[in-house]
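Only one structure is covered here, and it is reproduced in the block below.
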Amino acid sequence: MRAARLIRMVLLLQARPSMTGAELAQELEVSERTVARDVLSLSEAGVPVYADRGRAGGYRLIGGYRTRLTGLGRSEAEALFLSGVPLALREMGLADAASAARLKVSAALLPELRDAATGAAQRFHLDAPAWYQEPETPALLPEIADAVWDDRRITARYLRKDTEAERELEPYGLVLKAGVWYLAARTQGDYRVYRVDRFTAVARAGSGSTSGTDDAGERFTRDGSFDLPAFWAERAAQFARSILREEVVLRLSPRGVLQLPYVTERAAAREAIARAQAEGGPDEHGLLTVTLAVESVEVACAQLLALGPEGEVLAPTELRERLASAARRMAALYE
């Protein structure tokens, strides 16, 4: 405990030109007398800590003394790569590790670079949750995140519609998408995606404990070729395609062409527009006819109403009739 405090003192003094005994005591959560004893111990160990006397005095390192970044632990280093996502760090229980890592990196930087962290934080920020919803942290997320970091198998119970299934999983990675956490895991040789908020119980495989805390559990050998961003991008594209099971034909005004990607599935809309433009483009009236993949007639009706008069459904007849009926009811409201 004391050794860790001494290291932290050196890092604090290395990151700042000078600190008073009171400032060090507050940072280290000890008394000023303990600070004085620790400074003496550092001096005896060869660390050049100098004490300035007087009202404006304090402690500082002399002679350009610098530590090397050898104290960065594995969890701190991993957390550092996520330090731009504070909400995600807190939800996974890694906020303390990230804080310690940032302090060590700050201490190792040259003086002219020590404001880099503050400068970046003031210029870039990731707001992961979606609009109009309160983000909720899944109760089992910290346990799952711990298994991901340690490459440990887990036995999990997972809700699938109205049933609950039990799976033994090799947790490869976590993804935060629009405020929702997903787990990429391997089971029976296949990689699959699970919503973390649908897990009802998690235990380390082989631990014999429902909490997973009684035993070290079983580690798995990670596939070195697994690429989480690439895997997620592929599965996300597959999911988007899988739900677009029907097609509708639209005639769009120039403004409707611009609006379509914002009212329906964006990739499908852009693909439909590009295909129509390549096959002949707008007619003599400037209208573009596109064939758009949609999830269902019901969903398409709700989405395409947002186009107003900038888009006309040509097929299927059922969708055209639904929109015509909605338009008549809306017109009646405003008569």
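Each chain of the structure tokens is named A, B, ... in the order shown, its residues numbered from 1; ligands are numbered from 1 in display order.
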
If you count only C-alpha atoms, which residues fall within 12 Å of A:Ala327, apart from same-chain ones fewer than 2 positions away, as a list in words?
->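 These residues fall inside the cut-off: Cys301, Ala302, Leu304, Leu305, Ala306, Leu307, Gly308, Pro309, Glu312, Arg320, Glu321, Arg322, Leu323, Ala324, Ser325, Arg329, Met330, Ala331, Ala332, Leu333 and Tyr334 of chain A.
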
Quick one: residues within 12 Å of A:Ala147, only C-alpha atoms counted, chain neighbours fewer than 4 positions away excluded, as an NGL selection string?
-> :A and (92 or 140-143 or 151-156 or 169-174 or 183 or 185 or 202-205 or 212-213 or 216-220)

Let me see the file: selected residues, C-alpha atoms, as a PDB file, in the first residue's frame.
```
ATOM      1  CA  MET A  92     -18.193  -1.869 -17.331  1.00  0.00           C
ATOM      2  CA  LEU A 140     -24.868  -8.228 -15.511  1.00  0.00           C
ATOM      3  CA  LEU A 141     -22.672  -6.024 -17.727  1.00  0.00           C
ATOM      4  CA  PRO A 142     -19.720  -5.729 -15.282  1.00  0.00           C
ATOM      5  CA  GLU A 143     -19.557  -9.533 -14.860  1.00  0.00           C
ATOM      6  CA  ASP A 151     -10.967 -14.645 -21.775  1.00  0.00           C
ATOM      7  CA  ARG A 152     -13.081 -16.794 -19.450  1.00  0.00           C
ATOM      8  CA  ARG A 153     -15.941 -19.041 -20.494  1.00  0.00           C
ATOM      9  CA  ILE A 154     -19.312 -18.259 -18.988  1.00  0.00           C
ATOM     10  CA  THR A 155     -22.529 -20.181 -18.527  1.00  0.00           C
ATOM     11  CA  ALA A 156     -25.407 -17.824 -19.188  1.00  0.00           C
ATOM     12  CA  LEU A 169     -20.249 -18.954 -24.214  1.00  0.00           C
ATOM     13  CA  GLU A 170     -16.764 -17.740 -25.005  1.00  0.00           C
ATOM     14  CA  PRO A 171     -17.208 -13.953 -24.659  1.00  0.00           C
ATOM     15  CA  TYR A 172     -15.104 -12.237 -27.327  1.00  0.00           C
ATOM     16  CA  GLY A 173     -16.187  -8.618 -27.212  1.00  0.00           C
ATOM     17  CA  LEU A 174     -18.734  -5.988 -26.214  1.00  0.00           C
ATOM     18  CA  LEU A 183     -22.007  -9.339 -26.601  1.00  0.00           C
ATOM     19  CA  ALA A 185     -19.503 -14.631 -28.284  1.00  0.00           C
ATOM     20  CA  VAL A 202     -24.134 -15.347 -15.685  1.00  0.00           C
ATOM     21  CA  ALA A 203     -21.570 -17.635 -14.037  1.00  0.00           C
ATOM     22  CA  ARG A 204     -18.015 -18.570 -14.862  1.00  0.00           C
ATOM     23  CA  ALA A 205     -17.998 -21.927 -16.578  1.00  0.00           C
ATOM     24  CA  GLY A 212     -18.864 -16.935 -10.569  1.00  0.00           C
ATOM     25  CA  THR A 213     -16.730 -15.752  -7.657  1.00  0.00           C
ATOM     26  CA  ALA A 216     -11.061 -18.903 -11.260  1.00  0.00           C
ATOM     27  CA  GLY A 217     -13.250 -20.499 -13.930  1.00  0.00           C
ATOM     28  CA  GLU A 218     -12.147 -21.821 -17.312  1.00  0.00           C
ATOM     29  CA  ARG A 219     -10.180 -19.744 -19.785  1.00  0.00           C
ATOM     30  CA  PHE A 220     -10.544 -20.198 -23.526  1.00  0.00           C
TER      31      PHE A 220
END
```

Between atom CA of A:Arg160 and atom CA of A:Gly179 - distance in Å to one decimal =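 Between atom CA of A:Gly179 and atom CA of A:Arg160 the gap works out to 20.4 Å.
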
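Nearest residue to A:Phe231 among A:Val297, A:Arg245, A:Val175, A:Gly206 is A:Val175, counting only C-alpha atoms.
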